[in-house]
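Have a look at the structure below, then the notes.
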Amino acid sequence: RPRTPGERGWVAGQYAAGWRQDGRPADARAGLRAALHEDPGQRQARQTLAGLLLRQGQAEEAAQLLGEGLRQRPGEPEFATLLARIRVQQGELDEAVKVLKASIGGRTGTPESYAFLAALQQRQGHYRESVASYQRALERDPRHGVWWMGMAISLERAAQPGPAAEAYGRALEAGGLSGQLRQYCLGRQRALSGHN
C-alpha cells in the first residue's frame with residue numbers, strides 16, 4: 001500500500017538523522033525539510049532542523065520554523081523555550097517573555113521553561129511575576145540551587161527580606177552552586193536574617 005504522509009515524513013526524518021551523524025548538514029537540512037513537508041506535525045524533525053539552522057547562523061529562519069510549530073502546537077514548551085532564547089540573543093527581551101507566557105501561561109510548562117521565564121521577568125524588573133514563575137519551576141523540581149537563588153534575588157528586590165533569606169538558605173541546601181555563588185548566598189542570607 002502507498003505510505004501515508006506521516007510515514008513518508010518519518011522515513012525522511014530517519015534519512016536526515018543518518019546524514020546528520022555522517023557530517024552532511026546540507027543533506028540533513030534537506031531531509032528534515034522534506035519530513036516537515038510530508039508531516040508538519042513532526043515535533044522532533046522541527047526541533048532538530050531549528051537547532052541545525054541556529055548552529056549555521058540562520059537564527060531568523062529557525063525562529064520562523066519554531067513560530068510555525070507553536071501555531072500548530074501552542075503548548076509546546078521546547079519550541080517556546082528555543083524561540084525565546086533566539087529572541088533574547090536578538091535583544092528582544094519583551095518578545096521572549098511574550099512567547100514563553102503564551103506557551104506556558106497556564107501550568108503546562110517544564111520546570112526549565114518556568115525558570116527561564118522567571119529569569120527573564122527578573123531582568124525586566126517584574127520581581128513578583130518572577131517569584132511566581134520560580135515557584136512553579138521549584139514545585140516541579142526543587143533540586144536546583146540556582147533557581148532558589150534566583151527566587152531569593154527576586155524576593156529581595158520585591159522587599160520581602162524574610163522569605164528571601166529563607167530562599168537563600170534553600171539554595172545552599174539544594175547545592176549545585178559554584179563557590180562564588182555559595183558565598184553570595186551565605187552573605188545575603190546573613191544580611192537579611194538580621195532584618196527579621
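Just remember, in the C-alpha cells the first chain shown is A, the second B, etc., residues are 1-based per chain, and ligands are 1-based in the order shown.
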
For this session: Write out as a ChimeraX atom specification the residues lying within 7 Å of Ala62 of chain A, counting only C-alpha atoms and excluding same-chain residues fewer than 4 positions away.
Result: /A:50,53-54,58,66

Those same residues, written as a short mmCIF file (atom, residue, chain, number, x, y, z; two decimals), in the first residue's frame with C-alpha atoms?
```
data_model
loop_
_atom_site.label_atom_id
_atom_site.label_comp_id
_atom_site.auth_asym_id
_atom_site.auth_seq_id
_atom_site.Cartn_x
_atom_site.Cartn_y
_atom_site.Cartn_z
CA ALA A 50 15.81 24.58 14.11
CA LEU A 53 19.82 26.32 11.41
CA LEU A 54 20.91 28.02 14.63
CA GLN A 58 20.37 31.25 10.46
CA LEU A 66 9.61 27.41 15.63
#
```

Exercise. Excluding same-chain residues fewer than 4 positions from segment 112-126 of chain A, what lies within 10 Å of it counting only C-alpha atoms, as a ChimeraX atom specification?
Worked result: /A:77-78,80-82,84-85,88,93-94,96-101,103-105,107-108,130-138,140-141,144,146-148,150-151,153-154,157-158

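Considering only C-alpha atoms, the residue among A:Leu49, A:Ala159, A:Leu83, A:Ala174 positioned nearest to Ala35 of chain A is A:Leu49.
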
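In terms of minimum interatomic distance to Met149 of chain A, A:Ala171 ranks closest within A:Ala171, A:Ala165, A:Arg128, A:Gln42, counting only C-alpha atoms.
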
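The list of residues with at least one atom within 9 Å of Ala152 of chain A, based on only C-alpha atoms and without residues fewer than 6 positions apart in the same chain, reads Val131, Pro161, Pro163, Ala164, Ala165, Glu166, Ala167, Tyr168, Ala171 and Cys185 of chain A.
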
For this session: Choose the residue, out of A:Ala30, A:Ala191, A:Arg87, A:Leu186, that has the smallest atom-to-atom separation from Thr48 of chain A; count only C-alpha atoms.
Result: A:Ala30

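Atom pair atom CA of Ala59 of chain A / atom CA of Ala28 of chain A has a distance of 17.2 Å (rounded to one decimal).
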
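Between atom CA of Gln44 of chain A and atom CA of Glu60 of chain A the interatomic distance comes to 19.1 Å.
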
For this session: Check segment 67-144 of chain A with DSSP on the backbone and list each residue it calls helix (DSSP H, G or I), as a ChimeraX atom specification.
Result: /A:67-72,77-89,93-104,111-124,127-140

Exercise. Using only C-alpha atoms, which of the listed residues (A:Pro142, A:Pro111, A:Gly69, A:Gly169) sits closest to Leu192 of chain A?
Worked result: A:Gly169

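Distance check against Asp39 of chain A using only C-alpha atoms: of A:Ala26, A:Arg143, A:Gln72, A:Ala63, the minimum falls on A:Gln72.
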